[in-house]
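Here is the file target-v2.txt (compact mmCIF, C-alpha atoms).
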```
# COMPACT_ATOMS: atom_id res chain seq x y z
CA MET A 43 106.50 72.49 88.73
CA LYS A 44 103.56 70.20 88.43
CA THR A 45 100.24 70.87 86.72
CA LYS A 46 98.40 71.43 90.00
CA LYS A 47 100.78 74.19 91.02
CA PHE A 48 100.28 75.77 87.61
CA GLU A 49 96.54 75.70 88.20
CA GLU A 50 97.10 77.65 91.44
CA LEU A 51 99.41 80.02 89.60
CA HIS A 52 96.76 80.55 86.94
CA ALA A 53 94.24 81.45 89.66
CA LEU A 54 96.68 84.05 91.01
CA LEU A 55 97.34 85.57 87.59
CA VAL A 56 93.69 85.97 86.65
CA SER A 57 92.81 87.48 90.02
CA ASN A 58 91.93 91.16 90.29
CA ASP A 59 93.62 91.42 93.66
CA ASP A 60 96.94 93.29 93.51
CA ASN A 61 98.48 91.10 96.19
CA HIS A 62 97.63 87.96 94.23
CA LEU A 63 99.12 89.44 91.08
CA ASN A 64 102.25 90.43 92.96
CA ARG A 65 102.63 86.91 94.27
CA GLY A 66 101.72 85.42 90.90
CA TYR A 67 104.33 87.25 88.86
CA ARG A 68 107.06 86.22 91.29
CA ILE A 69 106.04 82.56 91.27
CA LEU A 70 105.76 82.62 87.48
CA PHE A 71 109.22 84.10 87.14
CA GLU A 72 110.70 81.77 89.74
CA SER A 73 109.25 78.64 88.22
CA LEU A 74 109.62 79.35 84.52
CA ARG A 75 112.46 81.75 83.94
CA ASN A 76 115.41 79.34 84.05
CA LYS A 77 113.43 76.57 82.40
CA MET A 78 112.40 78.79 79.53
CA ILE A 79 115.91 80.05 78.92
CA GLY A 80 117.08 76.43 78.89
CA HIS A 81 114.21 75.52 76.57
CA PHE A 82 115.17 78.22 74.05
CA ILE A 83 118.81 77.29 74.18
CA LYS A 84 118.37 73.53 74.02
CA LYS A 85 115.41 73.19 71.74
CA PHE A 86 115.92 76.10 69.38
CA ARG A 87 119.70 76.45 69.68
CA LEU A 88 119.43 80.15 70.50
CA ASN A 89 122.22 82.02 72.16
CA GLU A 90 121.81 82.95 75.80
CA GLU A 91 121.11 86.62 75.18
CA SER A 92 118.29 85.95 72.72
CA ALA A 93 116.96 83.25 75.01
CA GLN A 94 116.81 85.71 77.89
CA ASP A 95 115.03 88.33 75.76
CA LEU A 96 112.52 85.80 74.50
CA THR A 97 111.94 84.54 78.03
CA HIS A 98 111.25 88.11 79.15
CA GLU A 99 108.76 88.61 76.32
CA SER A 100 107.11 85.24 76.89
CA LEU A 101 106.64 85.87 80.60
CA ILE A 102 105.05 89.25 79.91
CA THR A 103 102.72 87.71 77.35
CA ILE A 104 101.76 85.02 79.85
CA MET A 105 100.94 87.70 82.41
CA GLU A 106 98.93 89.68 79.85
CA LYS A 107 96.98 86.81 78.37
CA ALA A 108 96.62 84.36 81.26
CA HIS A 109 92.94 85.29 81.50
CA THR A 110 92.30 83.97 78.00
CA VAL A 111 92.99 80.43 79.24
CA LYS A 112 89.59 79.22 80.36
CA GLU A 113 90.73 75.81 81.59
CA PRO A 114 93.35 76.05 84.39
CA LYS A 115 94.55 72.51 83.63
CA ALA A 116 95.56 73.63 80.16
CA PHE A 117 97.56 76.57 81.49
CA VAL A 118 100.94 74.84 81.66
CA GLY A 119 100.62 73.44 78.12
CA TRP A 120 99.52 76.86 76.89
CA CYS A 121 102.62 78.44 78.46
CA TRP A 122 104.96 76.09 76.61
CA LYS A 123 103.07 76.48 73.34
CA LEU A 124 103.33 80.23 73.67
CA THR A 125 107.05 79.87 74.34
CA ASP A 126 107.48 77.82 71.18
CA ARG A 127 105.47 80.31 69.14
CA LYS A 128 107.70 83.11 70.40
CA ALA A 129 110.79 81.18 69.41
CA LEU A 130 109.43 80.35 65.95
CA ASP A 131 108.46 83.99 65.40
CA TYR A 132 111.94 85.01 66.40
CA LEU A 133 113.52 82.49 64.06
CA ARG A 134 111.28 83.68 61.24
CA LYS A 135 112.19 87.29 61.86
CA THR A 136 115.89 86.57 62.02
CA LYS A 137 115.53 84.27 58.98
CA ARG A 138 116.99 81.32 60.75
CA GLU A 139 115.62 77.87 60.12
CA LYS A 140 114.39 75.66 62.86
CA ILE A 141 116.90 72.91 63.46
CA GLU A 142 115.26 69.54 63.13
CA PHE A 143 116.81 66.69 64.97
CA ASN A 144 117.08 63.78 62.66
CA THR A 145 116.60 60.58 64.60
CA ASP A 146 117.30 58.50 61.47
CA LYS A 147 120.97 59.03 62.11
CA PHE A 148 120.57 57.05 65.27
CA ASP A 149 121.79 53.69 63.91
CA ILE A 150 124.82 55.22 62.27
CA GLU A 151 125.76 56.97 65.48
CA ILE A 152 125.60 53.75 67.43
CA LYS A 153 127.96 52.05 65.04
CA GLN A 154 130.45 54.90 65.37
CA GLN A 155 131.78 54.38 68.84
CA LYS A 156 133.27 57.53 70.22
CA ASN A 157 136.68 56.32 71.15
CA ILE A 158 137.88 58.86 73.58
CA ASN A 159 141.20 58.39 75.23
CA VAL A 160 140.37 59.20 78.81
CA GLY A 161 143.63 58.00 80.26
CA ASN A 162 143.78 57.14 83.89
CA VAL A 163 140.88 59.16 85.21
CA ASP A 164 138.06 58.58 87.64
CA LYS A 165 134.99 56.78 86.27
CA ARG A 166 132.73 59.53 87.46
CA ILE A 167 134.72 62.21 85.66
CA CYS A 168 134.77 60.08 82.53
CA ILE A 169 130.99 59.83 82.53
CA GLN A 170 130.66 63.53 83.28
CA LYS A 171 132.76 64.42 80.28
CA GLY A 172 130.93 61.91 78.11
CA SER A 173 127.60 63.43 79.17
CA GLU A 174 128.84 66.89 78.27
CA ARG A 175 129.78 65.70 74.81
CA PHE A 176 126.44 63.98 74.53
CA LYS A 177 124.78 67.29 75.40
CA GLU A 178 126.77 69.13 72.76
CA GLU A 179 125.94 66.68 70.03
CA HIS A 180 122.41 65.78 71.04
CA PRO A 181 121.04 68.77 72.89
CA MET A 182 117.42 67.77 72.32
CA ARG A 183 117.94 64.29 73.75
CA HIS A 184 119.91 65.71 76.64
CA TYR A 185 117.07 68.15 77.26
CA ALA A 186 114.57 65.29 77.23
CA LEU A 187 116.71 63.33 79.68
CA GLU A 188 117.03 66.38 81.92
CA LEU A 189 113.26 66.72 82.07
CA PHE A 190 112.91 63.02 82.66
CA ALA A 191 115.46 63.15 85.49
CA GLN A 192 113.42 65.94 87.05
CA GLY A 193 110.46 63.58 87.25
CA PHE A 194 108.33 64.82 84.36
CA THR A 195 106.20 62.19 82.66
CA HIS A 196 106.32 61.47 78.94
CA ALA A 197 103.01 63.29 78.53
CA GLU A 198 104.43 66.38 80.24
CA ILE A 199 107.63 66.32 78.22
CA ALA A 200 105.85 65.76 74.90
CA PRO A 201 104.56 69.32 74.33
CA ARG A 202 107.98 70.76 75.02
CA LEU A 203 109.52 68.57 72.36
CA ASP A 204 106.67 69.02 69.88
CA LYS A 205 106.09 65.30 69.87
CA THR A 206 103.32 62.93 70.81
CA PRO A 207 103.72 61.15 74.16
CA GLY A 208 104.41 57.88 72.33
CA ALA A 209 107.10 59.42 70.18
CA THR A 210 108.57 61.07 73.25
CA LYS A 211 108.77 57.73 75.03
CA GLU A 212 110.56 56.22 72.06
CA PHE A 213 112.82 59.25 71.79
CA ILE A 214 113.87 58.96 75.41
CA SER A 215 114.32 55.20 75.35
CA GLN A 216 116.82 55.57 72.52
CA CYS A 217 118.95 57.79 74.73
CA ARG A 218 120.55 54.89 76.57
CA LYS A 219 122.16 53.49 73.45
CA ILE A 220 123.22 56.90 72.18
CA ILE A 221 124.73 58.04 75.44
CA ASP A 222 126.50 54.71 75.66
CA THR A 223 128.45 55.64 72.56
CA PHE A 224 129.88 58.54 74.51
CA ILE A 225 130.51 56.84 77.83
CA GLY A 226 130.75 53.16 76.94
CA HIS A 227 134.50 53.18 77.35
CA CYS A 228 134.09 54.43 80.93
CA LYS A 229 132.75 51.03 81.94
CA GLU A 230 136.26 49.65 81.68
CA ILE A 231 137.53 52.01 84.34
CA LYS A 232 137.38 50.42 87.75
CA MET B 822 120.74 40.55 73.32
CA SER B 823 117.06 39.89 72.56
CA THR B 824 114.65 42.77 71.91
CA ASN B 825 112.79 42.03 75.13
CA ASN B 826 115.94 42.20 77.16
CA GLU B 827 116.88 45.45 75.47
CA LYS B 828 113.47 46.90 76.25
CA LYS B 829 113.72 45.80 79.87
CA LEU B 830 117.19 47.26 80.10
CA ASP B 831 115.95 50.58 78.66
CA GLU B 832 113.13 50.72 81.16
CA GLU B 833 115.40 49.94 84.09
CA TRP B 834 117.98 52.42 82.91
CA LEU B 835 115.38 55.16 82.55
CA ALA B 836 113.95 54.34 85.96
CA PHE B 837 117.40 54.91 87.46
CA ILE B 838 117.75 58.12 85.47
CA ARG B 839 114.51 59.30 87.03
CA GLY B 840 115.82 58.31 90.46
CA ASP B 841 113.45 55.37 91.02
CA MET B 842 114.34 52.19 92.85
CA VAL B 843 114.56 49.03 90.71
CA ILE B 844 114.82 45.58 92.25
CA ASN B 845 117.02 42.93 90.62
CA ALA B 846 118.43 45.34 88.10
CA ASN B 847 121.56 44.74 86.08
CA LYS B 848 124.35 45.95 88.38
CA LYS B 849 126.54 47.17 85.56
CA TRP B 850 123.80 49.27 84.03
CA ARG B 851 122.58 50.43 87.42
CA LEU B 852 125.93 52.02 88.17
CA HIS B 853 126.07 53.36 84.65
CA ALA B 854 122.60 54.95 84.96
CA LYS B 855 123.30 56.40 88.38
CA LEU B 856 126.46 58.03 87.17
CA VAL B 857 124.70 59.39 84.10
CA ARG B 858 121.96 60.78 86.32
CA ALA B 859 124.56 62.40 88.55
CA ALA B 860 126.26 63.88 85.48
CA ILE B 861 122.98 65.23 84.09
CA LEU B 862 122.02 66.76 87.40
CA SER B 863 125.45 68.28 87.81
CA ILE B 864 125.25 69.85 84.33
CA MET B 865 121.79 71.20 85.20
CA ALA B 866 123.03 72.61 88.50
CA GLU B 867 125.92 74.30 86.72
CA GLU B 868 123.53 75.86 84.18
CA GLU B 869 121.20 76.93 86.97
CA ARG B 870 124.07 78.63 88.79
CA HIS B 871 125.09 80.40 85.61
CA LEU B 872 121.55 81.60 84.91
CA ASN B 873 121.01 82.73 88.47
CA VAL B 874 123.78 85.32 88.09
CA SER B 875 121.37 87.64 86.27
CA TYR B 876 118.27 86.45 88.14
CA ASP B 877 117.68 89.57 90.25
CA ARG B 878 118.36 91.94 87.37
CA ASP B 879 115.92 90.06 85.14
CA LEU B 880 113.29 89.93 87.87
CA SER B 881 113.40 93.70 88.38
CA LYS B 882 113.33 94.22 84.57
CA PHE B 883 110.30 91.95 84.37
CA LYS B 884 108.58 93.79 87.21
CA HIS B 885 109.19 97.20 85.62
CA ALA B 886 107.88 95.97 82.29
CA LEU B 887 104.71 94.73 84.00
CA ILE B 888 104.26 98.09 85.76
CA GLU B 889 104.78 99.94 82.48
CA LYS B 890 102.18 97.78 80.79
CA GLY B 891 99.77 98.48 83.64
CA ILE B 892 99.47 94.82 84.65
CA LEU B 893 101.00 95.46 88.04
CA LYS B 894 100.60 98.53 90.18
CA ASN B 895 103.60 100.34 91.50
CA LYS B 896 103.67 99.35 95.15
CA LYS B 897 105.36 102.57 96.23
CA GLU B 898 102.79 104.64 94.39
CA SER B 899 99.89 102.67 95.75
CA ILE B 900 101.30 102.95 99.29
CA ASN B 901 101.49 106.73 98.87
CA LYS B 902 97.99 106.80 97.44
CA ARG B 903 96.68 104.68 100.28
CA PHE B 904 98.47 106.86 102.83
CA PHE B 905 96.91 110.04 101.48
CA LYS B 906 93.50 108.42 101.34
CA TRP B 907 93.93 107.32 104.92
CA LEU B 908 95.13 110.78 105.96
CA GLY B 909 92.15 112.39 104.23
CA ALA B 910 89.76 110.03 106.01
CA LEU B 911 91.47 110.76 109.33
CA ILE B 912 91.21 114.52 108.89
CA PHE B 913 87.58 114.21 107.87
CA GLY B 914 86.85 111.99 110.87
CA VAL B 915 88.60 114.32 113.30
CA THR B 916 86.71 117.30 111.85
CA VAL B 917 83.39 115.52 112.23
CA VAL B 918 84.17 114.55 115.83
CA TRP B 919 85.33 118.08 116.66
CA ALA B 920 82.32 119.65 114.98
CA THR B 921 79.88 117.47 116.86
CA SER B 922 81.58 117.94 120.23
CA GLU B 923 82.19 121.68 119.84
CA LEU B 924 79.23 123.94 120.55
CA ILE B 925 78.38 126.50 118.00
CA ARG B 926 79.08 130.02 119.11
CA PHE B 927 79.74 133.37 117.56
CA ASP B 928 82.75 135.31 118.69
CA LYS B 929 82.97 138.02 116.08
CA PRO B 930 81.19 141.32 116.58
CA ILE B 931 78.42 142.28 114.22
CA PRO B 932 79.26 145.48 112.37
CA THR B 933 76.55 148.02 112.90
CA GLU B 934 76.29 151.60 111.71
CA SER B 935 73.57 154.04 112.41
CA GLN B 936 72.75 157.68 112.78
CA VAL B 937 71.59 158.33 116.28
CA GLU B 938 69.79 161.40 117.55
CA ILE B 939 71.03 162.42 120.92
CA ASN B 940 70.40 165.45 123.07
CA ASN B 941 72.89 168.14 122.35
CA PRO B 942 75.46 167.92 125.14
CA LYS B 943 75.56 171.74 125.22
CA TYR B 944 72.04 171.67 126.68
CA GLU B 945 72.63 168.97 129.21
CA SER B 946 71.15 171.17 131.85
CA ASP B 947 67.48 171.89 131.40
CA LYS B 948 67.40 174.39 134.19
CA PRO B 949 66.24 177.80 132.91
CA PHE B 950 68.70 179.72 135.10
CA SER B 951 71.80 177.77 134.16
CA LEU B 952 74.36 179.55 132.07
CA ILE B 953 74.99 178.28 128.60
CA THR B 954 77.02 179.55 125.64
CA ASP B 955 75.10 180.37 122.49
CA LYS B 956 76.33 180.04 118.89
CA TYR B 957 78.23 183.30 119.16
CA GLY B 958 79.95 182.51 122.45
CA THR B 959 77.78 184.74 124.65
CA PHE B 960 76.94 183.50 128.09
CA THR B 961 73.31 183.69 128.80
CA ALA B 962 70.70 182.55 131.25
CA PHE B 963 66.96 182.07 130.72
CA TRP B 964 67.90 180.35 127.47
CA PRO B 965 64.72 178.17 127.12
CA TRP B 966 62.65 181.38 126.77
CA LEU B 967 65.19 183.20 124.64
CA LYS B 968 65.25 180.20 122.31
CA ILE B 969 61.58 180.69 121.60
CA PHE B 970 62.06 184.34 120.52
CA SER B 971 65.38 184.03 118.72
CA PRO B 972 66.04 180.33 117.93
CA GLU B 973 68.83 181.25 115.48
CA ARG B 974 71.08 182.14 118.45
CA PHE B 975 71.11 178.54 119.72
CA HIS B 976 72.39 175.21 118.54
CA ASP B 977 69.89 172.46 117.65
CA PRO B 978 68.74 170.71 120.81
CA ILE B 979 69.04 167.32 119.12
CA HIS B 980 72.42 166.26 117.96
CA ILE B 981 72.80 163.59 115.22
CA VAL B 982 75.75 161.30 115.71
CA ASN B 983 77.15 158.70 113.31
CA THR B 984 77.90 155.73 115.47
CA GLN B 985 79.91 152.68 114.58
CA CYS B 986 80.01 149.52 116.63
CA GLY B 987 81.94 146.37 115.69
CA HIS B 988 83.49 147.59 112.47
CA GLU B 989 87.10 147.08 113.38
CA GLY B 990 87.00 143.71 115.05
CA LEU B 991 86.65 142.54 118.57
CA GLU B 992 89.76 144.20 119.98
CA LYS B 993 88.75 147.71 118.91
CA LEU B 994 85.14 147.63 120.01
CA ASN B 995 84.13 150.97 121.41
CA ILE B 996 81.74 150.41 124.25
CA LYS B 997 80.56 154.04 124.27
CA ASP B 998 79.37 153.90 120.68
CA CYS B 999 77.82 150.53 121.26
CA LEU B 1000 76.02 151.81 124.34
CA VAL B 1001 74.60 154.72 122.34
CA LEU B 1002 73.23 152.26 119.82
CA ALA B 1003 72.09 149.89 122.54
CA GLU B 1004 69.97 152.67 123.98
CA GLN B 1005 68.26 152.80 120.61
CA ASN B 1006 67.46 149.07 121.02
CA ASN B 1007 69.90 148.02 118.36
CA ALA B 1008 70.10 144.21 118.64
CA ALA B 1009 73.51 143.96 117.00
CA ALA B 1010 74.98 146.53 119.38
CA LEU B 1011 73.49 144.65 122.33
CA PHE B 1012 75.08 141.47 121.06
CA ASN B 1013 78.43 143.23 120.67
CA ILE B 1014 78.30 144.53 124.24
CA GLY B 1015 77.45 141.05 125.47
CA LEU B 1016 80.43 139.74 123.53
CA MET B 1017 82.69 142.38 125.07
CA TYR B 1018 81.61 141.36 128.57
CA GLU B 1019 82.02 137.69 127.74
CA LYS B 1020 85.52 138.18 126.38
CA GLY B 1021 86.52 140.80 128.92
CA ILE B 1022 87.54 143.34 126.28
CA SER B 1023 87.35 146.45 128.40
CA GLY B 1024 87.78 145.00 131.83
CA LYS B 1025 87.22 141.70 133.51
CA ALA B 1026 85.02 139.12 131.84
CA ASP B 1027 81.53 139.16 133.26
CA PHE B 1028 79.45 136.28 131.99
CA GLN B 1029 76.36 137.30 133.89
CA LYS B 1030 76.30 140.75 132.26
CA ALA B 1031 77.13 139.18 128.92
CA TYR B 1032 74.15 136.89 129.39
CA GLU B 1033 71.87 139.82 130.14
CA TYR B 1034 72.89 141.70 127.01
CA TYR B 1035 72.59 138.56 124.92
CA LYS B 1036 69.16 138.00 126.35
CA LYS B 1037 68.12 141.54 125.34
CA ALA B 1038 69.58 141.03 121.88
CA GLU B 1039 67.76 137.73 121.59
CA SER B 1040 64.48 139.31 122.54
CA LEU B 1041 65.06 141.78 119.68
CA GLY B 1042 65.47 138.88 117.27
CA ASN B 1043 69.23 138.33 117.22
CA ASP B 1044 69.88 134.62 116.46
CA GLN B 1045 73.59 134.75 117.18
CA ALA B 1046 72.89 135.86 120.73
CA LYS B 1047 70.68 132.81 121.08
CA PHE B 1048 73.59 130.47 120.26
CA ASN B 1049 75.92 132.29 122.65
CA ILE B 1050 73.37 131.99 125.45
CA GLU B 1051 73.23 128.25 124.79
CA TYR B 1052 77.00 128.15 124.90
CA LEU B 1053 77.17 129.96 128.24
CA LYS B 1054 74.56 127.66 129.65
CA GLU B 1055 76.25 124.49 128.40
CA LYS B 1056 79.59 125.54 129.79
CA ASN B 1057 78.00 126.46 133.13
CA LEU B 1058 79.41 129.97 132.99
CA ILE B 1059 76.24 131.55 134.28
CA ASN B 1060 74.06 130.77 137.23
```
Transcribe the structure of this file into structure tokens.
Amino acid sequence: MKTKKFEELHALLVSNDDNHLNRGYRILFESLRNKMIGHFIKKFRLNEESAQDLTHESLITIMEKAHTVKEPKAFVGWCWKLTDRKALDYLRKTKREKIEFNTDKFDIEIKQQKNINVGNVDKRICIQKGSERFKEEHPMRHYALELFAQGFTHAEIAPRLDKTPGATKEFISQCRKIIDTFIGHCKEIK
Amino acid sequence: MSTNNEKKLDEEWLAFIRGDMVINANKKWRLHAKLVRAAILSIMAEEERHLNVSYDRDLSKFKHALIEKGILKNKKESINKRFFKWLGALIFGVTVVWATSELIRFDKPIPTESQVEINNPKYESDKPFSLITDKYGTFTAFWPWLKIFSPERFHDPIHIVNTQCGHEGLEKLNIKDCLVLAEQNNAAALFNIGLMYEKGISGKADFQKAYEYYKKAESLGNDQAKFNIEYLKEKNLIN
């Protein structure tokens, strides 16, 4: 969902009209629910149940406090910041530490080619399996690639990853080499 | 591979991941990127399908939470509220229309009670030679003269009667009592008689007679009779 649509959503949520609010809460749920659950799971490594609970709480808070956002353009960024705050609060309460993704390991990972014996399988299936392994080992990068594949710009992805747009661009560009370590062997399959 | 080539390759690869078209791209990497994009999208679709299993349940939970917090209004409740408001407005409107179209009239008798002096029925005949019965049961003639000499033998010539008219509702109006009072120019009794004629309580309805009695009552200051006259006139029940 692009920023402009979020501006329209913001207008619905701050309206006093019951019909607008009824429409607004549905659109909010429809557009953010799955993304938020994914965000909690991929970025904060939460289990699905906790992610669903936090999504529920976050959506309610958005509904309650949407009127505090004075600038509609900032609404989408505010939503994601609020989501992150919820997750950090949760991690603090449950005494879990935020998992930092160390990009310094990048060079080492490239040197360690993941030699997977794929046997005589289809190239497409090989890449699919490689991508799944990539997701397991680099959930944050996979998340960034997912957002990128959906058409989000670096600037839009940046707040979700807690990075600057420049760092996000660099982070995503590194993905090619890393994912190649998981699916490089698939190139040999004809 | 030089750094520039690497950078170019990264950019092309990412463009394919995003689903953009790239001209003169490395064929090997193009296929690679397209397959990776397909894999990413397929993983996303799978996750989406999995999350959508509890979509409806979560939506209703979210809605209830919003209603509980007072952010949203319960649609069912507000429909009921609106319906009752609408019904109230309708009833009020209908009442106003009915009240303005309906003429004001009074159709309940006015209770009236009075002591009335009437001639003693025992002395209905004033003729001096007629036979009457005195207090002791003796028949006698020439009673007007005898009454002068021994008044204790005779009943009082004036009889006081307690008359009630309109105490027990319209159905039980006693026209005789009312007539007694009407003779005394009792406006309420006149009104009650008019009402009896109008409603046809003791016989057929006679609007003309009703009008006459109302008129008399009105002339004696009865306001209710005035409204009933208006009613009869409006409804063209009288000539």
Fewer than 3 positions away in the same chain doesn't count, so skip those; otherwise give me all residues within 8 Å of segment 838-845 of chain B, counting all atoms listed in the file, as a PyMOL selection string. (chain A and resi 187+190-193) or (chain B and resi 833-835+854-855+857-858)
All residues 10 Å or closer to Ala1003 of chain B, only C-alpha atoms, same chain fewer than 6 positions away omitted, as a PDB file with C-alpha atoms, in the coordinates of the input:
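Once written, selection-v3.pdb looks like this:
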```
ATOM      1  CA  CYS B 986      80.010 149.520 116.630  1.00  0.00           C
ATOM      2  CA  ILE B 996      81.740 150.410 124.250  1.00  0.00           C
ATOM      3  CA  LYS B 997      80.560 154.040 124.270  1.00  0.00           C
ATOM      4  CA  ALA B1009      73.510 143.960 117.000  1.00  0.00           C
ATOM      5  CA  ALA B1010      74.980 146.530 119.380  1.00  0.00           C
ATOM      6  CA  LEU B1011      73.490 144.650 122.330  1.00  0.00           C
ATOM      7  CA  PHE B1012      75.080 141.470 121.060  1.00  0.00           C
ATOM      8  CA  ASN B1013      78.430 143.230 120.670  1.00  0.00           C
ATOM      9  CA  ILE B1014      78.300 144.530 124.240  1.00  0.00           C
ATOM     10  CA  TYR B1034      72.890 141.700 127.010  1.00  0.00           C
ATOM     11  CA  LYS B1037      68.120 141.540 125.340  1.00  0.00           C
ATOM     12  CA  ALA B1038      69.580 141.030 121.880  1.00  0.00           C
TER      13      ALA B1038
END
```
Would you list the residues near (132.3, 56.8, 82.0), meaning any protein, DNA or RNA residue with an atom at most 7 Å from that point in file coordinates, counting all atoms listed in the file, as number ranges by chain? A: 165-169, 172, 225-229
Just checking: using only C-alpha atoms, which residue out of A:His52, A:Lys47, A:His180, A:Lys211 ends up closest to Glu106 of chain A?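 Using only C-alpha atoms, Glu106 of chain A sits closest to A:His52.
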Near segment 80-84 of chain A, counting only C-alpha atoms, which residues have an atom at most 7 Å away, once you skip same-chain residues fewer than 6 positions from it, shown as a list in words?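 Selected residues are Glu90, Ala93, Pro181, Met182 and Tyr185 of chain A.
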I'd like the contact shell of Arg75 of chain A - 9 Å cut-off, only C-alpha atoms, skipping same-chain residues fewer than 4 positions apart - returned as a PyMOL selection string. (chain A and resi 70-71+79-80+94+97-98+101) or (chain B and resi 876)
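As for atom CA of Phe1048 of chain B and atom CA of Phe927 of chain B, they are spaced 7.3 Å apart.
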Quick one: which chain B residues come within 8 Å of chain A, and what is the nearest atom pair for each with the distance in Å to one decimal, counting all atoms listed in the file, rows ordered by chain and ascending number, as JSON lines?
```
{"residue": "B:Asp831", "atom": "CA", "partner": "A:Ser215", "partner_atom": "CA", "distance": 5.9}
{"residue": "B:Glu832", "atom": "CA", "partner": "A:Ser215", "partner_atom": "CA", "distance": 7.4}
{"residue": "B:Trp834", "atom": "CA", "partner": "A:Arg218", "partner_atom": "CA", "distance": 7.3}
{"residue": "B:Leu835", "atom": "CA", "partner": "A:Ser215", "partner_atom": "CA", "distance": 7.3}
{"residue": "B:Ile838", "atom": "CA", "partner": "A:Ala191", "partner_atom": "CA", "distance": 5.5}
{"residue": "B:Arg839", "atom": "CA", "partner": "A:Ala191", "partner_atom": "CA", "distance": 4.3}
{"residue": "B:Gly840", "atom": "CA", "partner": "A:Ala191", "partner_atom": "CA", "distance": 6.9}
{"residue": "B:His853", "atom": "CA", "partner": "A:Lys229", "partner_atom": "CA", "distance": 7.6}
{"residue": "B:Leu856", "atom": "CA", "partner": "A:Arg166", "partner_atom": "CA", "distance": 6.5}
{"residue": "B:Val857", "atom": "CA", "partner": "A:Ile169", "partner_atom": "CA", "distance": 6.5}
{"residue": "B:Arg858", "atom": "CA", "partner": "A:Ala191", "partner_atom": "CA", "distance": 7.0}
{"residue": "B:Ala860", "atom": "CA", "partner": "A:Gln170", "partner_atom": "CA", "distance": 4.9}
{"residue": "B:Ile861", "atom": "CA", "partner": "A:Glu188", "partner_atom": "CA", "distance": 6.4}
{"residue": "B:Leu862", "atom": "CA", "partner": "A:Glu188", "partner_atom": "CA", "distance": 7.4}
{"residue": "B:Ile864", "atom": "CA", "partner": "A:Glu174", "partner_atom": "CA", "distance": 7.6}
{"residue": "B:Met865", "atom": "CA", "partner": "A:Glu188", "partner_atom": "CA", "distance": 7.5}
{"residue": "B:Glu869", "atom": "CA", "partner": "A:Asn76", "partner_atom": "CA", "distance": 6.9}
{"residue": "B:Leu872", "atom": "CA", "partner": "A:Asn76", "partner_atom": "CA", "distance": 6.6}
{"residue": "B:Asn873", "atom": "CA", "partner": "A:Asn76", "partner_atom": "CA", "distance": 7.9}
{"residue": "B:Asp879", "atom": "CA", "partner": "A:His98", "partner_atom": "CA", "distance": 7.8}
{"residue": "B:Leu880", "atom": "CA", "partner": "A:Phe71", "partner_atom": "CA", "distance": 7.1}
{"residue": "B:Phe883", "atom": "CA", "partner": "A:His98", "partner_atom": "CA", "distance": 6.5}
{"residue": "B:Lys884", "atom": "CA", "partner": "A:Tyr67", "partner_atom": "CA", "distance": 8.0}
{"residue": "B:Ala886", "atom": "CA", "partner": "A:Ile102", "partner_atom": "CA", "distance": 7.7}
{"residue": "B:Leu887", "atom": "CA", "partner": "A:Ile102", "partner_atom": "CA", "distance": 6.8}
{"residue": "B:Ile892", "atom": "CA", "partner": "A:Glu106", "partner_atom": "CA", "distance": 7.1}
{"residue": "B:Leu893", "atom": "CA", "partner": "A:Leu63", "partner_atom": "CA", "distance": 7.0}
{"residue": "B:Lys894", "atom": "CA", "partner": "A:Asp60", "partner_atom": "CA", "distance": 7.2}
```
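Atom CA of Arg851 of chain B is found 25.4 Å from atom CA of Pro207 of chain A.
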Quick one: everything within 7 Å of segment 118-132 of chain A, counting all atoms listed in the file, minus sequence neighbours fewer than 4 positions away in the same chain. Send it as a list in words. Thr45, Phe48, Leu96, Ser100, Ile104, Thr136, Pro201 and Arg202 of chain A
Nearest residue to Phe86 of chain A from the set A:Thr223, A:Leu133, A:Phe213, A:Ile199 (distances using only C-alpha atoms):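 When distances to Phe86 of chain A are compared using only C-alpha atoms, the smallest one comes from A:Leu133.
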